[in-house]
Amino acid sequence: MSNSVLRRYTPPTCTLEISAKNSSLSRWADRTVLKHLRFRLHFDDPRLSQASQVTIQGDRTQLEALYEVVATYVQTQLGQTSDSAANRFTPADSAAIQLTAPTTELSLQPQGMTNHQLCLGSLATPTSGAVVKLSTTQLFDLITALDDYSSDAIALPNLGRPRWLTTPTSWARTAAAALVVLGLTTSLTKIFDGSYSLQSSAPITSQEASSADQQVATPVSPVSPEAFSESPAPAAESSDLKPLQPLPPLPPKASGLPGRPNLPTASLPPFPTGAPQISSRPSQPTLPLPAAEVSPTLPDKAAEAPPALPNRIDTPQETIILEAPASQNATPSIASSLPSFNDSASGGSGAIAPGASLRSRTPATDDVDAPRVITSDAEASAFDTIPQVAEARSFFQQAWSAPRELNQTLEYSLVLNPDGTLQQIIPLGQTASTYLDRTGIPLLDEPFVSPLSSNRTPKIRLVLSPDGQVRTFLESMP
Amino acid sequence: MLLVMKPSALPSHFEGLPLARHPDPTQLDNIKAQLDLVLLALEALTGIGSEAMLQAAADLNLASVIADRVSLWRLRQSSPLRKGQGRKKLDVDEARTLVLISCHLAQQHQELIRRAVALLEQLTEQNREPHHAALLGDYLDKFNNTYQERMELGEVTPPTTLTQLALKLLIDLLFYTGSSGPRRLWMALLDRTQDQQT
């Protein structure tokens with residue numbers, strides 16, 4: 001079904017045209033979710049001659065870069081005091097200042113009091129030239145059009161065919177590993193069905209799925225447990241997963257995931273929401289990516305992943321991950337099951353703690369005989385590789401209360417000092433920056449979590465959802 | 001002493017105006033001064049007075065913060081640049097209220113502000129002084145006079161400085177007329193306090 005979207009924003013001196021496809025995910029966002037976005041920006045001030053009216057165009061990334069540059073520039077100008085801006089105020093200087101050499105990157109520089117030079121960078125064309133001169137009112141119109149677009153729509157990154165389908169990469173190996181985990185899980189679930197209380201093991205259809213979760217599965221092929229029970233075999237053959245021991249049964253994650261209690265355990269998230277994170281923030285690969293990319297039925301749907309819903313990544317991953325039995329310490333690590341893949345795939349930068357010492361643990365222990373139901377109130381997850389991750393999560397579960405008008409997930413990277421205080425807070429994205437103070441994140445060097453047992457500075461990812469959910473996981477442990 | 005900010009139940013109108021850490025007294029002084037100046041620019045350009053500001057407060061359901069002329073006067077008087085003694089306090093929510101009022105008024109007078117900026121652009125291109133346009137000339141006169149009346153150092157501030165200030169405020173006002181105006185004004189106030197400049 002073709003859902004072409006054409007939007008035009010027409011302040012007096014420019015026109016921003018958006019051409020995209022409407023993603024079926026729009027129904028669950030308060031804004032339109034767009035994919036395959038292209039934009040055209042016409043600097044068409046009627047006071048300009050036809051020849052002077054310039055048009056540029058590009059894709060989503062370029063549009064976002066443009067927005068970032070313009071918004072930052074505007075904010076910087078507003079934040080200046082009049083004396084620091086004073087040297088631009090003498091009209092006679094405006095001619096002299098025009099000699100500023102354009103840079104090769106997308107950027108804005110002031111020219112006198114009322115003019116600004118927009119260097120187009122990669123958006124430049126032979127017709128447009130490298131530079132567009134904007135008056136203040138033209139600049140205002142440009143930021144207005146960009147603001148309006150931004151408040152209207154969320155654009156998804158364009159994802160081509162996932163690379164793992166064509167080129168075996170370390171991610172693919174991790175993906176294959178996760179697939180095997182799933183498959184084995186499902187097999188074990190079936191084998192041991194009934195011998196312990198696993199809410200999540202009940203057939204999906206018999207549960208009251210939240211409409212969002214179920215509908216999420218609808219537009220893309222829902223991945224049924226049966227599909228997984230078949231696939232592990234071929235996947236296992238193609239990967240070096242043989243040494244992997246049969247895994248302990250899944251705990252009931254339903255209780256641990258308020259708001260998403262009914263994601264079927266053996267079902268993958270229908271969209272690889274991890275992928276966009278990779279493309280937009282390559283320095284922060286997250287574990288959920290491999291599992292999310294695993295489904296072989298969803299290559300075309302990759303583009304559906306809304307960056308605004310990263311919490312969905314974590315959820316399904318948590319259902320897939322197998323908890324170590326409670327005979328372990330309170331912070332089981334999924335790394336115990338997939339250490340080799342992590343070492344190769346994420347280079348130690350994934351959410352799995354390296355050096356997990358549990359890989360040789362066999363399932364023949366009390367895992368199977370006395371399965372534990374994980375019902376810790378802190379939504380114990382396999383990402384609690386160090387206690388501080390769970391502590392951080394508890395902290396924010398108290399502190400975080402989502403503002404009513406917030407409709408995006410906020411993500412932050414929190415770097416800890418060895419003494420448990422915060423060394424650095426990195427908001428990921430504009431909205432996260434804006435809402436930083438509403439999150440309850442303590443100030444740097446203020447008490448936060450308990451001191452670390454080692455002299456390291458872990459980086460914890462904090463994900464705050466508009467519905468009040470808090471997730472944390474270990475990003476890296478340098 | 002910086003406070004650890006816990007998210008509180010802010011009124012919904014304040015939720016777009018976040019605060020990472022509570023401003024210290026110097027920073028708060030800067031915020032007060034800047035807000036008073038933004039309102040001064042609006043007054044000088046549009047001729048509005050306290051009535052319009054109070055009406056804006058009522059329109060925005062912020063009458064609980066600024067109920068009457070006295071409270072409004074007190075808040076504006078809190079600017080460290082102003083003449084006179086008296087209560088100089090302004091708390092963060094009062095600052096936010098003034099931000100919302102300022103942008104609401106700016107939006108109401110968007111056309112006038114835009115016209116003034118466009119005139120300024122034209123005159124600049126032509127290398128002419130701004131007061132050559134009546135709208136701008138009147139604005140600058142009114143701004144200068146009012147500033148000198150109200151501000152402690154008004155009499156001794158050079159007119160060229162005041163003109164520069166007035167023109168910068170005018171341009172800023174244009175950006176506060178947009179839907180992201182309040183957020184941008186708020187961020188600009190906070191940015192400036194970090195620079196610790198007056």
# chains A, B, ... in the order shown; residues from 1 in each chain; ligands from 1
call {"tool": "residues_around", "arguments": {"residues": "B:Val65", "least_positions_apart": "4", "cutoff": "12 Å", "atoms": "only C-alpha atoms", "output": "PyMOL selection string"}}
result
chain B and resi 11+54+56-58+60-61+69-72+74-75+90-98+100-101
call {"tool": "write_last_selection", "arguments": {"atoms": "N, CA and C atoms", "output": "compact mmCIF listing (two decimals), in the first residue's frame"}}
result
# COMPACT_ATOMS: atom_id res chain seq x y z
N PRO B 11 3.95 22.73 36.47
CA PRO B 11 2.78 22.93 35.62
C PRO B 11 3.16 22.64 34.18
N LEU B 54 -0.39 41.51 32.01
CA LEU B 54 -1.26 40.79 32.94
C LEU B 54 -2.27 39.96 32.18
N ALA B 56 -1.78 38.66 29.31
CA ALA B 56 -1.06 37.49 28.80
C ALA B 56 -0.94 36.43 29.88
N ALA B 57 -0.65 36.89 31.11
CA ALA B 57 -0.54 35.93 32.21
C ALA B 57 -1.85 35.19 32.39
N ALA B 58 -2.94 35.92 32.32
CA ALA B 58 -4.25 35.29 32.47
C ALA B 58 -4.53 34.33 31.32
N LEU B 60 -2.51 32.66 29.69
CA LEU B 60 -1.66 31.47 29.81
C LEU B 60 -1.92 30.70 31.10
N ASN B 61 -2.97 31.09 31.80
CA ASN B 61 -3.27 30.44 33.08
C ASN B 61 -2.13 30.57 34.06
N ARG B 69 -0.94 44.03 39.00
CA ARG B 69 0.09 44.98 38.58
C ARG B 69 1.24 45.04 39.57
N VAL B 70 0.89 44.91 40.83
CA VAL B 70 1.94 45.00 41.86
C VAL B 70 2.93 43.85 41.71
N SER B 71 2.40 42.66 41.55
CA SER B 71 3.33 41.53 41.42
C SER B 71 4.17 41.67 40.17
N LEU B 72 3.55 42.11 39.10
CA LEU B 72 4.29 42.27 37.85
C LEU B 72 5.42 43.29 38.05
N ARG B 74 6.82 44.20 40.74
CA ARG B 74 7.84 43.68 41.65
C ARG B 74 8.80 42.75 40.90
N LEU B 75 8.25 41.90 40.06
CA LEU B 75 9.11 40.97 39.34
C LEU B 75 10.05 41.71 38.39
N LEU B 90 13.55 36.90 42.43
CA LEU B 90 12.75 36.31 41.37
C LEU B 90 13.05 34.83 41.41
N ASP B 91 12.02 34.02 41.61
CA ASP B 91 12.36 32.60 41.62
C ASP B 91 12.22 32.02 40.22
N VAL B 92 12.65 30.78 40.10
CA VAL B 92 12.74 30.17 38.78
C VAL B 92 11.38 30.12 38.09
N ASP B 93 10.35 29.82 38.84
CA ASP B 93 9.03 29.73 38.21
C ASP B 93 8.52 31.10 37.78
N GLU B 94 8.90 32.11 38.55
CA GLU B 94 8.53 33.46 38.12
C GLU B 94 9.27 33.81 36.84
N ALA B 95 10.52 33.40 36.76
CA ALA B 95 11.29 33.64 35.53
C ALA B 95 10.64 32.93 34.36
N ARG B 96 10.26 31.69 34.58
CA ARG B 96 9.61 30.93 33.50
C ARG B 96 8.32 31.64 33.07
N THR B 97 7.61 32.16 34.05
CA THR B 97 6.36 32.85 33.73
C THR B 97 6.65 34.06 32.86
N LEU B 98 7.66 34.80 33.21
CA LEU B 98 7.99 35.97 32.40
C LEU B 98 8.42 35.56 31.00
N LEU B 100 7.29 32.97 29.33
CA LEU B 100 6.09 32.61 28.58
C LEU B 100 5.28 33.85 28.21
N ILE B 101 5.21 34.78 29.14
CA ILE B 101 4.48 36.02 28.84
C ILE B 101 5.16 36.77 27.71
call {"tool": "select_by_dssp", "arguments": {"residues": "stretch 70-189 of chain B", "states": "helix (DSSP H, G or I)", "output": "number ranges by chain"}}
result
B: 70-77, 92-108, 110-125, 130-132, 134-150, 154-156, 159-176, 181-189
call {"tool": "interface_residues", "arguments": {"of": "chain B", "to": "chain A", "cutoff": "7 Å", "atoms": "only C-alpha atoms", "output": "PDB file with all heavy atoms, in the first residue's frame"}}
result
ATOM      1  N   VAL B   4      20.675  19.428  43.918  1.00  0.00           N
ATOM      2  CA  VAL B   4      20.359  18.316  43.022  1.00  0.00           C
ATOM      3  C   VAL B   4      18.911  18.486  42.610  1.00  0.00           C
ATOM      4  O   VAL B   4      18.032  18.549  43.454  1.00  0.00           O
ATOM      5  CB  VAL B   4      20.543  16.962  43.740  1.00  0.00           C
ATOM      6  CG1 VAL B   4      20.069  15.834  42.850  1.00  0.00           C
ATOM      7  CG2 VAL B   4      21.997  16.777  44.124  1.00  0.00           C
ATOM      8  N   MET B   5      18.698  18.592  41.331  1.00  0.00           N
ATOM      9  CA  MET B   5      17.334  18.828  40.863  1.00  0.00           C
ATOM     10  C   MET B   5      16.597  17.521  40.721  1.00  0.00           C
ATOM     11  O   MET B   5      16.995  16.657  39.966  1.00  0.00           O
ATOM     12  CB  MET B   5      17.357  19.533  39.508  1.00  0.00           C
ATOM     13  CG  MET B   5      17.891  20.946  39.578  1.00  0.00           C
ATOM     14  SD  MET B   5      16.883  22.021  40.588  1.00  0.00           S
ATOM     15  CE  MET B   5      15.421  22.144  39.613  1.00  0.00           C
ATOM     16  N   LYS B   6      15.546  17.382  41.479  1.00  0.00           N
ATOM     17  CA  LYS B   6      14.676  16.241  41.271  1.00  0.00           C
ATOM     18  C   LYS B   6      13.510  16.733  40.422  1.00  0.00           C
ATOM     19  O   LYS B   6      13.041  17.852  40.612  1.00  0.00           O
ATOM     20  CB  LYS B   6      14.125  15.729  42.616  1.00  0.00           C
ATOM     21  CG  LYS B   6      15.198  15.187  43.518  1.00  0.00           C
ATOM     22  CD  LYS B   6      15.662  13.819  43.055  1.00  0.00           C
ATOM     23  CE  LYS B   6      16.622  13.215  44.031  1.00  0.00           C
ATOM     24  NZ  LYS B   6      17.774  12.623  43.409  1.00  0.00           N
ATOM     25  N   PRO B   7      13.056  15.914  39.527  1.00  0.00           N
ATOM     26  CA  PRO B   7      11.912  16.373  38.727  1.00  0.00           C
ATOM     27  C   PRO B   7      10.709  16.587  39.630  1.00  0.00           C
ATOM     28  O   PRO B   7      10.381  15.735  40.434  1.00  0.00           O
ATOM     29  CB  PRO B   7      11.672  15.229  37.746  1.00  0.00           C
ATOM     30  CG  PRO B   7      12.403  14.070  38.278  1.00  0.00           C
ATOM     31  CD  PRO B   7      13.486  14.582  39.175  1.00  0.00           C
ATOM     32  N   GLU B  15       6.901  22.865  31.375  1.00  0.00           N
ATOM     33  CA  GLU B  15       7.663  21.657  31.127  1.00  0.00           C
ATOM     34  C   GLU B  15       8.593  21.778  29.939  1.00  0.00           C
ATOM     35  O   GLU B  15       9.527  21.004  29.791  1.00  0.00           O
ATOM     36  CB  GLU B  15       6.702  20.474  30.951  1.00  0.00           C
ATOM     37  CG  GLU B  15       6.160  20.041  32.304  1.00  0.00           C
ATOM     38  CD  GLU B  15       5.073  18.996  32.200  1.00  0.00           C
ATOM     39  OE1 GLU B  15       4.616  18.710  31.077  1.00  0.00           O
ATOM     40  OE2 GLU B  15       4.690  18.462  33.240  1.00  0.00           O
ATOM     41  N   PRO B  18      13.280  23.511  30.767  1.00  0.00           N
ATOM     42  CA  PRO B  18      13.988  22.707  31.752  1.00  0.00           C
ATOM     43  C   PRO B  18      15.133  23.467  32.409  1.00  0.00           C
ATOM     44  O   PRO B  18      15.593  24.492  31.910  1.00  0.00           O
ATOM     45  CB  PRO B  18      14.539  21.546  30.913  1.00  0.00           C
ATOM     46  CG  PRO B  18      14.737  22.130  29.567  1.00  0.00           C
ATOM     47  CD  PRO B  18      13.662  23.183  29.393  1.00  0.00           C
ATOM     48  N   LEU B  19      15.599  22.901  33.497  1.00  0.00           N
ATOM     49  CA  LEU B  19      16.677  23.537  34.244  1.00  0.00           C
ATOM     50  C   LEU B  19      17.575  22.453  34.787  1.00  0.00           C
ATOM     51  O   LEU B  19      17.138  21.622  35.558  1.00  0.00           O
ATOM     52  CB  LEU B  19      16.078  24.342  35.394  1.00  0.00           C
ATOM     53  CG  LEU B  19      17.048  25.220  36.160  1.00  0.00           C
ATOM     54  CD1 LEU B  19      17.595  26.294  35.253  1.00  0.00           C
ATOM     55  CD2 LEU B  19      16.339  25.860  37.339  1.00  0.00           C
ATOM     56  N   ALA B  20      18.821  22.446  34.352  1.00  0.00           N
ATOM     57  CA  ALA B  20      19.720  21.383  34.781  1.00  0.00           C
ATOM     58  C   ALA B  20      20.197  21.606  36.213  1.00  0.00           C
ATOM     59  O   ALA B  20      20.302  20.692  36.995  1.00  0.00           O
ATOM     60  CB  ALA B  20      20.922  21.301  33.842  1.00  0.00           C
ATOM     61  N   ALA B 118      12.704  43.578   9.161  1.00  0.00           N
ATOM     62  CA  ALA B 118      12.886  43.697   7.712  1.00  0.00           C
ATOM     63  C   ALA B 118      13.379  45.090   7.342  1.00  0.00           C
ATOM     64  O   ALA B 118      14.247  45.250   6.477  1.00  0.00           O
ATOM     65  CB  ALA B 118      11.575  43.377   6.995  1.00  0.00           C
ATOM     66  N   GLU B 121      16.961  45.310   8.101  1.00  0.00           N
ATOM     67  CA  GLU B 121      17.763  44.628   7.079  1.00  0.00           C
ATOM     68  C   GLU B 121      17.956  45.525   5.867  1.00  0.00           C
ATOM     69  O   GLU B 121      19.063  45.659   5.335  1.00  0.00           O
ATOM     70  CB  GLU B 121      17.070  43.332   6.636  1.00  0.00           C
ATOM     71  CG  GLU B 121      17.077  42.245   7.681  1.00  0.00           C
ATOM     72  CD  GLU B 121      16.172  41.061   7.313  1.00  0.00           C
ATOM     73  OE1 GLU B 121      15.364  41.166   6.371  1.00  0.00           O
ATOM     74  OE2 GLU B 121      16.291  40.032   7.982  1.00  0.00           O
ATOM     75  N   THR B 124      20.302  48.360   6.569  1.00  0.00           N
ATOM     76  CA  THR B 124      21.670  47.864   6.691  1.00  0.00           C
ATOM     77  C   THR B 124      22.268  47.634   5.312  1.00  0.00           C
ATOM     78  O   THR B 124      23.417  47.993   5.051  1.00  0.00           O
ATOM     79  CB  THR B 124      21.697  46.553   7.494  1.00  0.00           C
ATOM     80  OG1 THR B 124      21.015  46.744   8.710  1.00  0.00           O
ATOM     81  CG2 THR B 124      23.114  46.091   7.753  1.00  0.00           C
ATOM     82  N   ASN B 127      23.333  50.664   3.828  1.00  0.00           N
ATOM     83  CA  ASN B 127      24.322  51.385   4.636  1.00  0.00           C
ATOM     84  C   ASN B 127      23.762  52.645   5.261  1.00  0.00           C
ATOM     85  O   ASN B 127      24.446  53.672   5.358  1.00  0.00           O
ATOM     86  CB  ASN B 127      25.555  51.747   3.796  1.00  0.00           C
ATOM     87  CG  ASN B 127      26.574  50.621   3.833  1.00  0.00           C
ATOM     88  OD1 ASN B 127      26.568  49.810   4.741  1.00  0.00           O
ATOM     89  ND2 ASN B 127      27.423  50.583   2.828  1.00  0.00           N
ATOM     90  N   ARG B 128      22.519  52.568   5.677  1.00  0.00           N
ATOM     91  CA  ARG B 128      21.911  53.727   6.320  1.00  0.00           C
ATOM     92  C   ARG B 128      21.630  53.414   7.775  1.00  0.00           C
ATOM     93  O   ARG B 128      21.427  52.263   8.158  1.00  0.00           O
ATOM     94  CB  ARG B 128      20.616  54.116   5.600  1.00  0.00           C
ATOM     95  CG  ARG B 128      20.874  54.629   4.182  1.00  0.00           C
ATOM     96  CD  ARG B 128      19.615  54.617   3.368  1.00  0.00           C
ATOM     97  NE  ARG B 128      18.690  55.674   3.792  1.00  0.00           N
ATOM     98  CZ  ARG B 128      17.390  55.654   3.547  1.00  0.00           C
ATOM     99  NH1 ARG B 128      16.838  54.641   2.923  1.00  0.00           N
ATOM    100  NH2 ARG B 128      16.627  56.654   3.941  1.00  0.00           N
ATOM    101  N   GLN B 164      22.676  49.663  20.232  1.00  0.00           N
ATOM    102  CA  GLN B 164      23.086  48.293  19.918  1.00  0.00           C
ATOM    103  C   GLN B 164      22.227  47.293  20.684  1.00  0.00           C
ATOM    104  O   GLN B 164      21.783  46.272  20.134  1.00  0.00           O
ATOM    105  CB  GLN B 164      24.549  48.071  20.322  1.00  0.00           C
ATOM    106  CG  GLN B 164      25.550  48.733  19.423  1.00  0.00           C
ATOM    107  CD  GLN B 164      26.948  48.718  20.038  1.00  0.00           C
ATOM    108  OE1 GLN B 164      27.150  48.188  21.132  1.00  0.00           O
ATOM    109  NE2 GLN B 164      27.897  49.303  19.340  1.00  0.00           N
ATOM    110  N   LEU B 165      22.023  47.591  21.959  1.00  0.00           N
ATOM    111  CA  LEU B 165      21.226  46.703  22.799  1.00  0.00           C
ATOM    112  C   LEU B 165      19.806  46.591  22.255  1.00  0.00           C
ATOM    113  O   LEU B 165      19.244  45.492  22.130  1.00  0.00           O
ATOM    114  CB  LEU B 165      21.216  47.244  24.232  1.00  0.00           C
ATOM    115  CG  LEU B 165      20.386  46.478  25.253  1.00  0.00           C
ATOM    116  CD1 LEU B 165      20.842  45.026  25.344  1.00  0.00           C
ATOM    117  CD2 LEU B 165      20.468  47.142  26.623  1.00  0.00           C
ATOM    118  N   LYS B 168      19.702  44.519  19.037  1.00  0.00           N
ATOM    119  CA  LYS B 168      19.877  43.089  19.282  1.00  0.00           C
ATOM    120  C   LYS B 168      18.595  42.492  19.865  1.00  0.00           C
ATOM    121  O   LYS B 168      18.149  41.423  19.467  1.00  0.00           O
ATOM    122  CB  LYS B 168      21.037  42.855  20.250  1.00  0.00           C
ATOM    123  CG  LYS B 168      21.043  41.389  20.702  1.00  0.00           C
ATOM    124  CD  LYS B 168      22.357  40.753  20.813  1.00  0.00           C
ATOM    125  CE  LYS B 168      22.378  39.254  20.750  1.00  0.00           C
ATOM    126  NZ  LYS B 168      21.340  38.482  21.360  1.00  0.00           N
ATOM    127  N   ASP B 172      16.302  39.476  18.398  1.00  0.00           N
ATOM    128  CA  ASP B 172      15.984  38.315  19.231  1.00  0.00           C
ATOM    129  C   ASP B 172      14.475  38.110  19.311  1.00  0.00           C
ATOM    130  O   ASP B 172      13.992  36.971  19.264  1.00  0.00           O
ATOM    131  CB  ASP B 172      16.526  38.510  20.655  1.00  0.00           C
ATOM    132  CG  ASP B 172      18.045  38.443  20.719  1.00  0.00           C
ATOM    133  OD1 ASP B 172      18.689  38.125  19.689  1.00  0.00           O
ATOM    134  OD2 ASP B 172      18.590  38.714  21.808  1.00  0.00           O
ATOM    135  N   PHE B 175      12.859  35.851  16.824  1.00  0.00           N
ATOM    136  CA  PHE B 175      12.983  34.407  17.035  1.00  0.00           C
ATOM    137  C   PHE B 175      12.116  33.916  18.184  1.00  0.00           C
ATOM    138  O   PHE B 175      11.852  32.720  18.295  1.00  0.00           O
ATOM    139  CB  PHE B 175      14.452  34.031  17.253  1.00  0.00           C
ATOM    140  CG  PHE B 175      15.260  34.163  16.000  1.00  0.00           C
ATOM    141  CD1 PHE B 175      15.941  35.343  15.732  1.00  0.00           C
ATOM    142  CD2 PHE B 175      15.300  33.142  15.069  1.00  0.00           C
ATOM    143  CE1 PHE B 175      16.663  35.490  14.544  1.00  0.00           C
ATOM    144  CE2 PHE B 175      16.017  33.275  13.877  1.00  0.00           C
ATOM    145  CZ  PHE B 175      16.695  34.451  13.618  1.00  0.00           C
ATOM    146  N   GLY B 178       8.272  32.524  17.241  1.00  0.00           N
ATOM    147  CA  GLY B 178       7.969  31.201  16.714  1.00  0.00           C
ATOM    148  C   GLY B 178       7.447  30.275  17.802  1.00  0.00           C
ATOM    149  O   GLY B 178       7.472  30.600  18.990  1.00  0.00           O
ATOM    150  N   ARG B 184      13.584  28.698  23.239  1.00  0.00           N
ATOM    151  CA  ARG B 184      14.806  29.371  22.811  1.00  0.00           C
ATOM    152  C   ARG B 184      15.159  30.510  23.757  1.00  0.00           C
ATOM    153  O   ARG B 184      16.326  30.718  24.087  1.00  0.00           O
ATOM    154  CB  ARG B 184      14.667  29.892  21.375  1.00  0.00           C
ATOM    155  CG  ARG B 184      14.528  28.776  20.362  1.00  0.00           C
ATOM    156  CD  ARG B 184      15.246  29.029  19.060  1.00  0.00           C
ATOM    157  NE  ARG B 184      15.427  27.773  18.373  1.00  0.00           N
ATOM    158  CZ  ARG B 184      14.633  27.303  17.418  1.00  0.00           C
ATOM    159  NH1 ARG B 184      13.602  28.017  17.016  1.00  0.00           N
ATOM    160  NH2 ARG B 184      14.862  26.116  16.884  1.00  0.00           N
ATOM    161  N   ALA B 188      18.464  30.690  25.989  1.00  0.00           N
ATOM    162  CA  ALA B 188      19.367  31.830  25.837  1.00  0.00           C
ATOM    163  C   ALA B 188      19.662  32.462  27.194  1.00  0.00           C
ATOM    164  O   ALA B 188      20.790  32.860  27.465  1.00  0.00           O
ATOM    165  CB  ALA B 188      18.756  32.866  24.896  1.00  0.00           C
ATOM    166  N   LEU B 189      18.667  32.516  28.048  1.00  0.00           N
ATOM    167  CA  LEU B 189      18.887  33.067  29.388  1.00  0.00           C
ATOM    168  C   LEU B 189      19.874  32.211  30.154  1.00  0.00           C
ATOM    169  O   LEU B 189      20.777  32.709  30.812  1.00  0.00           O
ATOM    170  CB  LEU B 189      17.569  33.129  30.164  1.00  0.00           C
ATOM    171  CG  LEU B 189      16.526  34.096  29.648  1.00  0.00           C
ATOM    172  CD1 LEU B 189      15.216  33.899  30.396  1.00  0.00           C
ATOM    173  CD2 LEU B 189      17.001  35.528  29.797  1.00  0.00           C
ATOM    174  N   ASP B 191      22.070  30.099  28.826  1.00  0.00           N
ATOM    175  CA  ASP B 191      23.386  30.157  28.174  1.00  0.00           C
ATOM    176  C   ASP B 191      24.142  31.376  28.640  1.00  0.00           C
ATOM    177  O   ASP B 191      25.327  31.312  28.943  1.00  0.00           O
ATOM    178  CB  ASP B 191      23.236  30.274  26.646  1.00  0.00           C
ATOM    179  CG  ASP B 191      22.838  28.965  26.025  1.00  0.00           C
ATOM    180  OD1 ASP B 191      22.901  27.943  26.723  1.00  0.00           O
ATOM    181  OD2 ASP B 191      22.464  28.962  24.833  1.00  0.00           O
ATOM    182  N   ARG B 192      23.432  32.465  28.682  1.00  0.00           N
ATOM    183  CA  ARG B 192      24.108  33.708  29.021  1.00  0.00           C
ATOM    184  C   ARG B 192      24.596  33.688  30.446  1.00  0.00           C
ATOM    185  O   ARG B 192      25.627  34.246  30.767  1.00  0.00           O
ATOM    186  CB  ARG B 192      23.183  34.901  28.804  1.00  0.00           C
ATOM    187  CG  ARG B 192      23.725  35.862  27.781  1.00  0.00           C
ATOM    188  CD  ARG B 192      22.774  36.965  27.517  1.00  0.00           C
ATOM    189  NE  ARG B 192      21.941  36.680  26.377  1.00  0.00           N
ATOM    190  CZ  ARG B 192      20.932  37.452  26.002  1.00  0.00           C
ATOM    191  NH1 ARG B 192      20.650  38.509  26.675  1.00  0.00           N
ATOM    192  NH2 ARG B 192      20.220  37.137  24.959  1.00  0.00           N
TER     193      ARG B 192
END
call {"tool": "closest_residue", "arguments": {"among": "A:Leu37, A:Leu6, A:Ala124, A:Ala145", "to": "A:Tyr67", "atoms": "only C-alpha atoms"}}
result
A:Ala145
call {"tool": "residues_around", "arguments": {"residues": "B:Ile31", "least_positions_apart": "2", "cutoff": "10 Å", "atoms": "only C-alpha atoms", "output": "list in words"}}
result
Pro23, Pro25, Thr26, Gln27, Leu28, Asp29, Ala33, Gln34, Leu35, Asp36, Leu37, Ser79, Pro80, Leu90, Val92, Ala95, Trp186, Ala188, Leu189, Leu190, Asp191, Arg192, Thr193 and Thr198 of chain B
call {"tool": "residues_around", "arguments": {"residues": "A:Glu411", "least_positions_apart": "6", "cutoff": "8 Å", "atoms": "only C-alpha atoms", "output": "CSV table (one decimal) with all heavy atoms, in the first residue's frame"}}
result
chain,number,residue,atom,x,y,z
A,427,PRO,N,23.8,13.4,27.0
A,427,PRO,CA,22.4,13.2,26.4
A,427,PRO,C,22.5,12.8,25.0
A,427,PRO,O,23.4,13.3,24.3
A,427,PRO,CB,21.8,14.6,26.6
A,427,PRO,CG,22.8,15.5,26.9
A,427,PRO,CD,24.1,14.8,27.2
A,428,LEU,N,21.7,11.8,24.6
A,428,LEU,CA,21.8,11.3,23.2
A,428,LEU,C,20.6,11.9,22.4
A,428,LEU,O,19.5,11.4,22.5
A,428,LEU,CB,21.7,9.8,23.2
A,428,LEU,CG,22.9,9.2,24.0
A,428,LEU,CD1,22.7,7.7,24.2
A,428,LEU,CD2,24.2,9.5,23.4
A,429,GLY,N,20.9,13.0,21.8
A,429,GLY,CA,19.9,13.6,21.0
A,429,GLY,C,19.3,14.9,21.6
A,429,GLY,O,19.6,15.2,22.8
A,432,ALA,N,16.7,14.7,24.5
A,432,ALA,CA,17.4,14.3,25.7
A,432,ALA,C,18.1,15.5,26.4
A,432,ALA,O,18.0,15.6,27.6
A,432,ALA,CB,18.4,13.1,25.4
A,461,ARG,N,24.0,3.0,30.0
A,461,ARG,CA,23.0,3.7,29.2
A,461,ARG,C,21.7,3.7,30.0
A,461,ARG,O,21.2,2.7,30.5
A,461,ARG,CB,22.7,2.9,27.9
A,461,ARG,CG,21.7,3.4,27.0
A,461,ARG,CD,22.1,4.7,26.3
A,461,ARG,NE,23.1,4.5,25.3
A,461,ARG,CZ,22.9,4.0,24.1
A,461,ARG,NH1,21.7,3.9,23.6
A,461,ARG,NH2,24.0,3.8,23.3
A,462,LEU,N,21.1,4.9,30.0
A,462,LEU,CA,19.9,5.1,30.7
A,462,LEU,C,18.8,5.4,29.6
A,462,LEU,O,19.0,6.3,28.8
A,462,LEU,CB,20.0,6.3,31.6
A,462,LEU,CG,18.7,6.8,32.3
A,462,LEU,CD1,18.1,5.8,33.2
A,462,LEU,CD2,19.0,8.1,33.0
A,463,VAL,N,17.7,4.7,29.7
A,463,VAL,CA,16.6,4.9,28.7
A,463,VAL,C,15.4,5.2,29.5
A,463,VAL,O,14.9,4.4,30.3
A,463,VAL,CB,16.4,3.6,27.8
A,463,VAL,CG1,15.3,3.8,26.8
A,463,VAL,CG2,17.7,3.2,27.2
A,464,LEU,N,14.8,6.4,29.3
A,464,LEU,CA,13.6,6.8,30.0
A,464,LEU,C,12.5,6.9,29.0
A,464,LEU,O,12.6,7.6,28.0
A,464,LEU,CB,13.9,8.1,30.7
A,464,LEU,CG,15.0,8.2,31.7
A,464,LEU,CD1,15.3,9.6,32.1
A,464,LEU,CD2,14.7,7.3,32.9
call {"tool": "select_by_dssp", "arguments": {"residues": "stretch 12-167 of chain A", "states": "strand (DSSP E)", "output": "PyMOL selection string"}}
result
chain A and resi 15-22+32-43+54-59+107-111+115-119+131-135+153-155
call {"tool": "atom_distance", "arguments": {"atom1": "atom CA of B:Leu185", "atom2": "atom CA of B:Leu123"}}
result
26.4 Å
